[in-house]
$ cat coords.cif   # mmCIF, C-alpha atoms
data_run
loop_
_atom_site.group_PDB
_atom_site.id
_atom_site.type_symbol
_atom_site.label_atom_id
_atom_site.label_comp_id
_atom_site.auth_asym_id
_atom_site.auth_seq_id
_atom_site.Cartn_x
_atom_site.Cartn_y
_atom_site.Cartn_z
ATOM 1 C CA MET A 1 6.237 98.886 4.276
ATOM 2 C CA THR A 2 4.010 95.920 5.028
ATOM 3 C CA SER A 3 1.766 95.834 8.089
ATOM 4 C CA ASN A 4 1.367 92.946 10.491
ATOM 5 C CA ASN A 5 -2.327 92.646 9.690
ATOM 6 C CA GLN A 6 -3.179 89.126 8.612
ATOM 7 C CA THR A 7 -5.620 88.220 5.863
ATOM 8 C CA GLU A 8 -8.118 85.636 7.047
ATOM 9 C CA ILE A 9 -10.084 83.366 4.686
ATOM 10 C CA ILE A 10 -13.062 81.476 6.074
ATOM 11 C CA ALA A 11 -14.338 78.774 3.702
ATOM 12 C CA GLU A 12 -16.182 76.019 5.500
ATOM 13 C CA PRO A 13 -16.339 72.706 3.625
ATOM 14 C CA GLY A 14 -19.570 72.164 1.719
ATOM 15 C CA LYS A 15 -20.768 75.780 1.892
ATOM 16 C CA GLN A 16 -21.458 78.128 -1.021
ATOM 17 C CA GLU A 17 -19.861 81.146 0.611
ATOM 18 C CA LEU A 18 -16.494 82.362 1.730
ATOM 19 C CA PHE A 19 -15.311 85.298 3.807
ATOM 20 C CA ILE A 20 -12.158 87.386 3.410
ATOM 21 C CA LYS A 21 -11.272 89.478 6.478
ATOM 22 C CA ARG A 22 -8.515 92.046 6.896
ATOM 23 C CA GLU A 23 -7.751 95.089 9.063
ATOM 24 C CA PHE A 24 -6.070 98.249 7.772
ATOM 25 C CA GLU A 25 -4.085 101.051 9.427
ATOM 26 C CA ALA A 26 -6.246 103.809 7.916
ATOM 27 C CA PRO A 27 -9.592 105.465 8.640
ATOM 28 C CA ARG A 28 -12.732 103.946 7.131
ATOM 29 C CA GLU A 29 -13.434 106.796 4.665
ATOM 30 C CA LEU A 30 -9.999 106.344 3.108
ATOM 31 C CA VAL A 31 -10.212 102.546 2.864
ATOM 32 C CA PHE A 32 -13.683 102.834 1.360
ATOM 33 C CA ARG A 33 -12.386 105.239 -1.279
ATOM 34 C CA ALA A 34 -9.527 102.851 -2.113
ATOM 35 C CA PHE A 35 -12.173 100.202 -2.860
ATOM 36 C CA THR A 36 -14.457 102.419 -4.934
ATOM 37 C CA GLU A 37 -12.419 105.012 -6.855
ATOM 38 C CA ALA A 38 -10.945 103.838 -10.154
ATOM 39 C CA ASP A 39 -7.603 105.661 -9.908
ATOM 40 C CA MET A 40 -7.089 104.158 -6.450
ATOM 41 C CA LEU A 41 -8.157 100.608 -7.342
ATOM 42 C CA VAL A 42 -5.499 100.276 -10.030
ATOM 43 C CA LYS A 43 -2.810 100.902 -7.391
ATOM 44 C CA TRP A 44 -3.493 97.673 -5.533
ATOM 45 C CA LEU A 45 -6.155 95.375 -7.020
ATOM 46 C CA GLY A 46 -4.019 93.904 -9.797
ATOM 47 C CA PRO A 47 -2.252 90.695 -8.702
ATOM 48 C CA CYS A 48 1.502 91.225 -8.423
ATOM 49 C CA ASN A 49 3.329 91.053 -11.765
ATOM 50 C CA MET A 50 0.146 92.010 -13.570
ATOM 51 C CA THR A 51 -1.042 95.366 -14.794
ATOM 52 C CA MET A 52 -4.647 96.380 -14.451
ATOM 53 C CA ARG A 53 -6.909 98.152 -16.917
ATOM 54 C CA ILE A 54 -10.338 99.533 -16.027
ATOM 55 C CA ASP A 55 -12.712 99.421 -19.006
ATOM 56 C CA LYS A 56 -15.717 100.608 -17.064
ATOM 57 C CA HIS A 57 -16.197 101.708 -13.478
ATOM 58 C CA GLU A 58 -19.588 102.800 -12.140
ATOM 59 C CA SER A 59 -19.713 102.214 -8.385
ATOM 60 C CA TRP A 60 -23.206 103.582 -7.866
ATOM 61 C CA ALA A 61 -26.277 101.332 -7.541
ATOM 62 C CA GLY A 62 -27.261 100.037 -10.975
ATOM 63 C CA GLY A 63 -23.893 100.944 -12.514
ATOM 64 C CA SER A 64 -21.621 98.325 -14.036
ATOM 65 C CA TYR A 65 -17.899 97.661 -14.108
ATOM 66 C CA ARG A 66 -15.321 95.708 -16.092
ATOM 67 C CA TYR A 67 -11.701 95.249 -15.023
ATOM 68 C CA VAL A 68 -8.928 93.468 -16.886
ATOM 69 C CA HIS A 69 -5.711 92.024 -15.445
ATOM 70 C CA ILE A 70 -2.874 91.661 -17.970
ATOM 71 C CA ASP A 71 0.045 89.332 -17.340
ATOM 72 C CA PRO A 72 3.601 89.922 -18.690
ATOM 73 C CA GLN A 73 2.791 87.713 -21.721
ATOM 74 C CA ASP A 74 -0.134 90.065 -22.558
ATOM 75 C CA ASN A 75 -2.772 87.498 -21.621
ATOM 76 C CA GLU A 76 -5.913 89.272 -20.446
ATOM 77 C CA TYR A 77 -8.127 88.138 -17.559
ATOM 78 C CA GLY A 78 -11.389 90.070 -17.513
ATOM 79 C CA PHE A 79 -14.149 90.217 -14.957
ATOM 80 C CA HIS A 80 -17.303 92.251 -14.745
ATOM 81 C CA GLY A 81 -20.488 92.802 -12.799
ATOM 82 C CA VAL A 82 -23.173 95.187 -11.650
ATOM 83 C CA SER A 83 -23.175 97.373 -8.575
ATOM 84 C CA HIS A 84 -26.228 96.786 -6.392
ATOM 85 C CA GLU A 85 -25.579 99.135 -3.491
ATOM 86 C CA MET A 86 -22.991 101.703 -2.479
ATOM 87 C CA LEU A 87 -23.662 102.836 1.091
ATOM 88 C CA VAL A 88 -20.817 105.302 1.752
ATOM 89 C CA PRO A 89 -18.643 104.504 3.691
ATOM 90 C CA GLU A 90 -19.887 101.242 5.162
ATOM 91 C CA ARG A 91 -21.127 98.752 2.577
ATOM 92 C CA LEU A 92 -20.744 97.709 -1.076
ATOM 93 C CA ILE A 93 -22.859 95.036 -2.743
ATOM 94 C CA ARG A 94 -22.220 93.877 -6.310
ATOM 95 C CA THR A 95 -22.175 90.905 -8.643
ATOM 96 C CA PHE A 96 -18.917 89.472 -9.952
ATOM 97 C CA GLU A 97 -18.195 87.162 -12.883
ATOM 98 C CA PHE A 98 -14.813 85.956 -14.083
ATOM 99 C CA GLU A 99 -14.782 85.864 -17.882
ATOM 100 C CA GLY A 100 -12.090 83.191 -18.129
ATOM 101 C CA LEU A 101 -14.396 80.296 -17.205
ATOM 102 C CA PRO A 102 -15.382 77.710 -19.861
ATOM 103 C CA GLU A 103 -19.023 78.864 -19.698
ATOM 104 C CA SER A 104 -20.731 82.081 -18.655
ATOM 105 C CA GLY A 105 -23.312 82.439 -15.883
ATOM 106 C CA HIS A 106 -21.186 81.548 -12.835
ATOM 107 C CA VAL A 107 -21.989 84.758 -10.975
ATOM 108 C CA VAL A 108 -20.913 85.619 -7.444
ATOM 109 C CA LEU A 109 -22.720 88.003 -5.075
ATOM 110 C CA GLU A 110 -20.154 90.054 -3.170
ATOM 111 C CA THR A 111 -20.757 92.185 -0.075
ATOM 112 C CA ALA A 112 -17.933 94.257 1.387
ATOM 113 C CA ARG A 113 -18.449 95.683 4.884
ATOM 114 C CA PHE A 114 -16.230 98.419 6.326
ATOM 115 C CA GLU A 115 -16.122 98.704 10.139
ATOM 116 C CA VAL A 116 -14.557 101.479 12.195
ATOM 117 C CA LEU A 117 -11.937 100.258 14.690
ATOM 118 C CA PRO A 118 -10.275 102.332 17.454
ATOM 119 C CA ASN A 119 -7.163 104.391 16.588
ATOM 120 C CA GLU A 120 -8.317 105.249 13.063
ATOM 121 C CA ARG A 121 -8.195 101.659 11.901
ATOM 122 C CA THR A 122 -10.668 99.782 9.683
ATOM 123 C CA LYS A 123 -11.846 96.199 9.373
ATOM 124 C CA VAL A 124 -12.970 94.979 5.948
ATOM 125 C CA THR A 125 -15.067 91.820 5.579
ATOM 126 C CA ILE A 126 -15.848 90.567 2.073
ATOM 127 C CA GLN A 127 -18.531 87.898 1.806
ATOM 128 C CA SER A 128 -18.788 86.049 -1.526
ATOM 129 C CA VAL A 129 -21.832 83.860 -2.145
ATOM 130 C CA PHE A 130 -21.482 81.400 -5.056
ATOM 131 C CA GLN A 131 -24.136 79.500 -6.998
ATOM 132 C CA SER A 132 -22.738 76.128 -5.931
ATOM 133 C CA VAL A 133 -20.086 74.589 -3.712
ATOM 134 C CA ALA A 134 -18.215 73.560 -6.868
ATOM 135 C CA ASP A 135 -18.174 77.185 -8.070
ATOM 136 C CA ARG A 136 -16.705 78.342 -4.770
ATOM 137 C CA ASP A 137 -14.063 75.636 -4.667
ATOM 138 C CA GLY A 138 -13.210 76.349 -8.306
ATOM 139 C CA MET A 139 -12.587 80.010 -7.401
ATOM 140 C CA VAL A 140 -10.291 79.000 -4.559
ATOM 141 C CA GLN A 141 -8.480 76.757 -7.023
ATOM 142 C CA ALA A 142 -8.093 79.661 -9.471
ATOM 143 C CA GLY A 143 -6.542 81.679 -6.632
ATOM 144 C CA MET A 144 -4.092 78.885 -6.077
ATOM 145 C CA GLU A 145 -3.182 78.841 -9.751
ATOM 146 C CA TYR A 146 -2.529 82.591 -9.667
ATOM 147 C CA GLY A 147 -0.274 82.024 -6.663
ATOM 148 C CA VAL A 148 1.634 79.252 -8.382
ATOM 149 C CA ARG A 149 2.046 81.343 -11.515
ATOM 150 C CA GLU A 150 3.364 84.258 -9.475
ATOM 151 C CA SER A 151 5.856 82.118 -7.629
ATOM 152 C CA HIS A 152 7.048 80.624 -10.929
ATOM 153 C CA GLN A 153 7.606 84.130 -12.241
ATOM 154 C CA MET A 154 9.550 85.070 -9.125
ATOM 155 C CA LEU A 155 11.652 81.961 -9.568
ATOM 156 C CA ASP A 156 12.274 82.891 -13.212
ATOM 157 C CA GLU A 157 13.410 86.369 -12.171
ATOM 158 C CA PHE A 158 15.632 84.943 -9.464
ATOM 159 C CA LEU A 159 17.266 82.516 -11.895
ATOM 160 C CA ALA A 160 17.707 85.264 -14.489
ATOM 161 C CA LYS A 161 19.554 87.390 -11.894
ATOM 162 C CA GLN A 162 21.800 84.481 -10.978
ATOM 163 C CA LEU A 163 22.732 84.070 -14.652
ATOM 164 C CA VAL A 164 23.666 87.738 -14.985
ATOM 165 C CA ASN A 165 25.897 87.680 -11.892
ATOM 166 C CA MET B 1 -5.103 64.775 -13.680
ATOM 167 C CA ALA B 2 -3.610 65.665 -10.322
ATOM 168 C CA LEU B 3 -5.990 68.612 -10.106
ATOM 169 C CA GLN B 4 -8.959 66.365 -10.850
ATOM 170 C CA SER B 5 -8.192 64.050 -7.943
ATOM 171 C CA ARG B 6 -7.828 67.014 -5.575
ATOM 172 C CA ARG B 7 -11.160 68.310 -6.713
ATOM 173 C CA ASP B 8 -12.625 64.993 -5.679
ATOM 174 C CA VAL B 9 -11.538 65.660 -2.113
ATOM 175 C CA PHE B 10 -13.691 68.781 -2.201
ATOM 176 C CA GLN B 11 -16.623 66.802 -3.535
ATOM 177 C CA ALA B 12 -16.099 64.163 -0.867
ATOM 178 C CA ILE B 13 -16.318 66.640 1.981
ATOM 179 C CA ALA B 14 -19.101 68.668 0.360
ATOM 180 C CA ASP B 15 -21.660 66.148 1.686
ATOM 181 C CA PRO B 16 -22.672 66.577 5.373
ATOM 182 C CA THR B 17 -23.060 62.812 6.008
ATOM 183 C CA ARG B 18 -19.568 62.175 4.637
ATOM 184 C CA ARG B 19 -18.154 64.927 6.841
ATOM 185 C CA GLU B 20 -19.811 63.292 9.858
ATOM 186 C CA ILE B 21 -18.364 59.916 8.908
ATOM 187 C CA ILE B 22 -14.880 61.447 8.794
ATOM 188 C CA ASN B 23 -15.420 63.114 12.179
ATOM 189 C CA LEU B 24 -16.648 59.838 13.629
ATOM 190 C CA ILE B 25 -13.593 57.841 12.615
ATOM 191 C CA ALA B 26 -11.004 60.628 12.769
ATOM 192 C CA PHE B 27 -9.339 59.273 15.900
ATOM 193 C CA ASN B 28 -10.931 55.867 16.153
ATOM 194 C CA PRO B 29 -11.287 53.367 13.277
ATOM 195 C CA LEU B 30 -14.728 51.695 13.168
ATOM 196 C CA ASN B 31 -16.316 48.921 11.135
ATOM 197 C CA LEU B 32 -19.174 49.608 8.749
ATOM 198 C CA ASN B 33 -21.924 48.479 11.156
ATOM 199 C CA ALA B 34 -20.633 50.700 13.939
ATOM 200 C CA ILE B 35 -20.550 53.664 11.558
ATOM 201 C CA ALA B 36 -24.045 52.939 10.199
ATOM 202 C CA GLU B 37 -25.492 52.834 13.746
ATOM 203 C CA ASN B 38 -24.771 56.539 14.078
ATOM 204 C CA PHE B 39 -26.945 57.528 11.122
ATOM 205 C CA ASP B 40 -30.626 57.362 10.220
ATOM 206 C CA VAL B 41 -29.881 56.585 6.565
ATOM 207 C CA SER B 42 -29.754 53.007 5.255
ATOM 208 C CA ARG B 43 -26.672 50.825 5.462
ATOM 209 C CA PRO B 44 -26.268 50.677 1.663
ATOM 210 C CA ALA B 45 -26.311 54.505 1.624
ATOM 211 C CA ILE B 46 -23.537 54.587 4.247
ATOM 212 C CA SER B 47 -21.659 51.975 2.190
ATOM 213 C CA GLN B 48 -21.910 54.244 -0.831
ATOM 214 C CA HIS B 49 -20.549 57.234 1.125
ATOM 215 C CA ILE B 50 -17.659 55.125 2.390
ATOM 216 C CA LYS B 51 -16.966 53.967 -1.161
ATOM 217 C CA ILE B 52 -16.683 57.602 -2.315
ATOM 218 C CA LEU B 53 -14.475 58.510 0.650
ATOM 219 C CA THR B 54 -12.256 55.502 -0.117
ATOM 220 C CA GLU B 55 -11.967 56.489 -3.782
ATOM 221 C CA CYS B 56 -10.865 59.976 -2.745
ATOM 222 C CA GLY B 57 -8.256 58.535 -0.426
ATOM 223 C CA LEU B 58 -9.868 59.971 2.701
ATOM 224 C CA ILE B 59 -10.566 56.520 4.150
ATOM 225 C CA VAL B 60 -8.690 53.241 3.961
ATOM 226 C CA ILE B 61 -10.259 49.913 4.825
ATOM 227 C CA LYS B 62 -8.139 47.541 6.903
ATOM 228 C CA LYS B 63 -8.944 43.918 7.585
ATOM 229 C CA GLN B 64 -8.554 42.659 11.139
ATOM 230 C CA GLY B 65 -9.602 39.023 11.304
ATOM 231 C CA ARG B 66 -13.098 38.883 9.874
ATOM 232 C CA GLU B 67 -13.794 42.557 10.520
ATOM 233 C CA ARG B 68 -13.126 45.390 8.094
ATOM 234 C CA TYR B 69 -12.267 48.689 9.758
ATOM 235 C CA CYS B 70 -12.511 52.116 8.188
ATOM 236 C CA GLU B 71 -9.634 54.387 9.056
ATOM 237 C CA ALA B 72 -9.473 58.121 8.243
ATOM 238 C CA LYS B 73 -6.527 59.452 6.234
ATOM 239 C CA LEU B 74 -6.559 63.133 7.069
ATOM 240 C CA GLN B 75 -3.429 64.131 5.118
ATOM 241 C CA GLN B 76 -5.701 64.515 2.076
ATOM 242 C CA LEU B 77 -7.692 67.166 3.940
ATOM 243 C CA GLY B 78 -4.446 69.052 4.424
ATOM 244 C CA GLU B 79 -4.461 69.597 0.683
ATOM 245 C CA VAL B 80 -7.818 71.328 0.977
ATOM 246 C CA SER B 81 -6.507 73.746 3.591
ATOM 247 C CA ASN B 82 -3.394 74.210 1.452
ATOM 248 C CA TRP B 83 -5.605 75.455 -1.388
ATOM 249 C CA ILE B 84 -7.206 77.973 0.909
ATOM 250 C CA GLU B 85 -3.753 79.042 2.095
ATOM 251 C CA GLN B 86 -2.729 79.758 -1.517
ATOM 252 C CA TYR B 87 -5.919 81.765 -2.052
ATOM 253 C CA ARG B 88 -5.182 83.635 1.184
ATOM 254 C CA LYS B 89 -1.688 84.494 -0.052
ATOM 255 C CA PHE B 90 -3.180 85.797 -3.293
ATOM 256 C CA TRP B 91 -5.360 88.245 -1.320
ATOM 257 C CA GLU B 92 -2.548 89.002 1.117
ATOM 258 C CA GLY B 93 -0.449 90.210 -1.829
ATOM 259 C CA ARG B 94 -3.220 92.592 -2.894
ATOM 260 C CA PHE B 95 -3.843 93.860 0.608
ATOM 261 C CA ASN B 96 -0.141 94.463 1.251
ATOM 262 C CA ALA B 97 -0.147 96.665 -1.843
ATOM 263 C CA LEU B 98 -3.222 98.434 -0.445
ATOM 264 C CA ASP B 99 -1.404 98.963 2.893
ATOM 265 C CA ASP B 100 1.435 100.713 1.064
ATOM 266 C CA PHE B 101 -0.992 102.823 -0.933
ATOM 267 C CA LEU B 102 -3.012 103.849 2.158
ATOM 268 C CA GLU B 103 0.233 104.807 3.910
ATOM 269 C CA GLU B 104 1.130 106.993 0.935
ATOM 270 C CA LEU B 105 -2.292 108.683 1.021
ATOM 271 C CA LYS B 106 -2.080 109.341 4.761
ATOM 272 C CA THR B 107 1.339 110.961 4.352
ATOM 273 C CA LYS B 108 0.058 113.164 1.527
ATOM 274 C CA ASN B 109 -2.991 114.236 3.563
ATOM 275 C CA LYS B 110 -0.808 115.324 6.480
ATOM 276 C CA LYS B 111 1.144 117.750 4.313
ATOM 277 C CA PRO B 112 -0.547 121.195 4.218
#
$ encode --input "coords.cif" --output "C-alpha cells"
Amino acid sequence: MTSNNQTEIIAEPGKQELFIKREFEAPRELVFRAFTEADMLVKWLGPCNMTMRIDKHESWAGGSYRYVHIDPQDNEYGFHGVSHEMLVPERLIRTFEFEGLPESGHVVLETARFEVLPNERTKVTIQSVFQSVADRDGMVQAGMEYGVRESHQMLDEFLAKQLVN
Amino acid sequence: MALQSRRDVFQAIADPTRREIINLIAFNPLNLNAIAENFDVSRPAISQHIKILTECGLIVIKKQGRERYCEAKLQQLGEVSNWIEQYRKFWEGRFNALDDFLEELKTKNKKP
C-alpha cells in the first residue's frame, strides 16, 4: 500500500543545499527508528531493484557507518560517513560521501529533522549541504541516472514478460 | 556529450547576475544597453554573462533593424526541473517502501 504523501525536493538554483521533505503515517518514534536501526534501514533505503548491505552502522555521535547498494549485475555502490549527533527522536546530523565519484573528498553534511504532526503522523525534513553548487547538482544528476537505470530495468522486465507470453 | 551541455545550464544559472538577466528578459526581450542599465557591473561584464547564457541556449539574440534583442529560451530551464523531478522520484521510491514497512510495524505492534 502506498500513501498519498508526496516527496518534495527544494533545490534553488545556485545554492549549495537541498531539502527533501516527506510526511509519514506513523508516530515519530517509529519513523526515527526506521532511520537509525540497521535491520530497519535495509527494508527501505536500498533503491528499488538493488539489495543493500550494511558494513558498519554506528548511529551514535562519533560513530561511523558504511552502506553498500548492489545492483542485479553485482555492481557495488558504497557510501560512508560519520555520525555527528543523534538526538532521539528529533534530529540526526551526519556526514555523507558517495564512494563512486572520480575523486574523494566531496562530503555532504546531512541533517534530518523529525517533527510530530497531529493524528500520530510525522514530518521528516532532510537538509543536505554540499561543498559547492557543482557538487549538489552532480548529486541530483546521479539521482536522475539511478532513475533512468531503474526504468530501463523495468522496461527489460516488461519486454521479457511479453516474450514469454 | 548531452549530459555535458545540460550541466552547462546549471552553471549558467548558478550565477546570481545571470539569473537576474533571465528574470529581466523572461517575458520581454531587451537589447544589451537596456539590460546593462539594470546592473551596477560594467557593460563588458554583462556582455560576457549574455555570451555564456547564449552558449547554454538560455538566450537567443535576434536582430531587429540595427538593434539586437536578447530573448529568453526557458525550455532549457525545464530540463533543470526535470532533473530534480527524477531525483524526487528516486526518493519517492525509497519513501514508498518505508511507508509499507511502517504500516507493517504498526500492524505488528497492535497485536498483543
$ axis_aligned_box --input "coords.cif" --around "segment 48-67 of chain A" --padding-each-side "5 Å" --output "AutoDock Vina command-line options"
--center_x -12.0 --center_y 97.3 --center_z -13.3 --size_x 40.6 --size_y 22.5 --size_z 21.5
$ residues_around --input "coords.cif" --residues "segment 104-107 of chain A" --least-positions-apart "2" --cutoff "12 Å" --atoms "only C-alpha atoms" --output "PyMOL selection string"
chain A and resi 16+79-82+94-102+109-110+128-136+138-139
$ write_last_selection --input "coords.cif" --atoms "C-alpha atoms" --output "PDB file, in the coordinates of the input"
ATOM      1  CA  GLN A  16     -21.458  78.128  -1.021  1.00  0.00           C
ATOM      2  CA  PHE A  79     -14.149  90.217 -14.957  1.00  0.00           C
ATOM      3  CA  HIS A  80     -17.303  92.251 -14.745  1.00  0.00           C
ATOM      4  CA  GLY A  81     -20.488  92.802 -12.799  1.00  0.00           C
ATOM      5  CA  VAL A  82     -23.173  95.187 -11.650  1.00  0.00           C
ATOM      6  CA  ARG A  94     -22.220  93.877  -6.310  1.00  0.00           C
ATOM      7  CA  THR A  95     -22.175  90.905  -8.643  1.00  0.00           C
ATOM      8  CA  PHE A  96     -18.917  89.472  -9.952  1.00  0.00           C
ATOM      9  CA  GLU A  97     -18.195  87.162 -12.883  1.00  0.00           C
ATOM     10  CA  PHE A  98     -14.813  85.956 -14.083  1.00  0.00           C
ATOM     11  CA  GLU A  99     -14.782  85.864 -17.882  1.00  0.00           C
ATOM     12  CA  GLY A 100     -12.090  83.191 -18.129  1.00  0.00           C
ATOM     13  CA  LEU A 101     -14.396  80.296 -17.205  1.00  0.00           C
ATOM     14  CA  PRO A 102     -15.382  77.710 -19.861  1.00  0.00           C
ATOM     15  CA  LEU A 109     -22.720  88.003  -5.075  1.00  0.00           C
ATOM     16  CA  GLU A 110     -20.154  90.054  -3.170  1.00  0.00           C
ATOM     17  CA  SER A 128     -18.788  86.049  -1.526  1.00  0.00           C
ATOM     18  CA  VAL A 129     -21.832  83.860  -2.145  1.00  0.00           C
ATOM     19  CA  PHE A 130     -21.482  81.400  -5.056  1.00  0.00           C
ATOM     20  CA  GLN A 131     -24.136  79.500  -6.998  1.00  0.00           C
ATOM     21  CA  SER A 132     -22.738  76.128  -5.931  1.00  0.00           C
ATOM     22  CA  VAL A 133     -20.086  74.589  -3.712  1.00  0.00           C
ATOM     23  CA  ALA A 134     -18.215  73.560  -6.868  1.00  0.00           C
ATOM     24  CA  ASP A 135     -18.174  77.185  -8.070  1.00  0.00           C
ATOM     25  CA  ARG A 136     -16.705  78.342  -4.770  1.00  0.00           C
ATOM     26  CA  GLY A 138     -13.210  76.349  -8.306  1.00  0.00           C
ATOM     27  CA  MET A 139     -12.587  80.010  -7.401  1.00  0.00           C
TER      28      MET A 139
END
$ closest_residue --input "coords.cif" --among "A:Ala112, A:Gly14, A:Thr7, A:Ala34" --to "Thr125 of chain A" --atoms "only C-alpha atoms"
A:Ala112
$ resolve_selection --input "coords.cif" --expression "the PyMOL selection byres ((chain B and resi 27) around 12)" --output "MDAnalysis selection string"
chainID B and resid 21:26 28:30 70:74
$ interface_residues --input "coords.cif" --of "chain B" --to "chain A" --cutoff "9 Å" --atoms "all atoms listed in the file" --output "PyMOL selection string"
chain B and resi 7+10-11+13-16+19+82-103+105-106
$ residues_around --input "coords.cif" --residues "Asp71 of chain A" --least-positions-apart "2" --cutoff "10 Å" --atoms "all atoms listed in the file" --output "ChimeraX atom specification"
/A:46-52,68-69,73-77,150
$ residues_around --input "coords.cif" --residues "Leu87 of chain A" --least-positions-apart "4" --cutoff "12 Å" --atoms "only C-alpha atoms" --output "MDAnalysis selection string"
chainID A and resid 29 32:33 36 59:61 83 91:94 111:114
$ resolve_selection --input "coords.cif" --expression "the PyMOL selection byres ((chain A and resi 56) around 10)" --output "mmCIF file with C-alpha atoms, in the coordinates of the input"
data_model
loop_
_atom_site.group_PDB
_atom_site.id
_atom_site.type_symbol
_atom_site.label_atom_id
_atom_site.label_comp_id
_atom_site.auth_asym_id
_atom_site.auth_seq_id
_atom_site.Cartn_x
_atom_site.Cartn_y
_atom_site.Cartn_z
ATOM 1 C CA ALA A 38 -10.945 103.838 -10.154
ATOM 2 C CA ARG A 53 -6.909 98.152 -16.917
ATOM 3 C CA ILE A 54 -10.338 99.533 -16.027
ATOM 4 C CA ASP A 55 -12.712 99.421 -19.006
ATOM 5 C CA HIS A 57 -16.197 101.708 -13.478
ATOM 6 C CA GLU A 58 -19.588 102.800 -12.140
ATOM 7 C CA SER A 59 -19.713 102.214 -8.385
ATOM 8 C CA GLY A 63 -23.893 100.944 -12.514
ATOM 9 C CA SER A 64 -21.621 98.325 -14.036
ATOM 10 C CA TYR A 65 -17.899 97.661 -14.108
ATOM 11 C CA ARG A 66 -15.321 95.708 -16.092
ATOM 12 C CA TYR A 67 -11.701 95.249 -15.023
ATOM 13 C CA VAL A 68 -8.928 93.468 -16.886
ATOM 14 C CA HIS A 80 -17.303 92.251 -14.745
#
$ residues_around --input "coords.cif" --residues "segment 40-45 of chain B" --least-positions-apart "6" --cutoff "12 Å" --atoms "all atoms listed in the file" --output "list of chain:residue names"
B:Thr17, B:Arg18, B:Asn31, B:Leu32, B:Asn33, B:Ala34, B:Lys51, B:Ile52
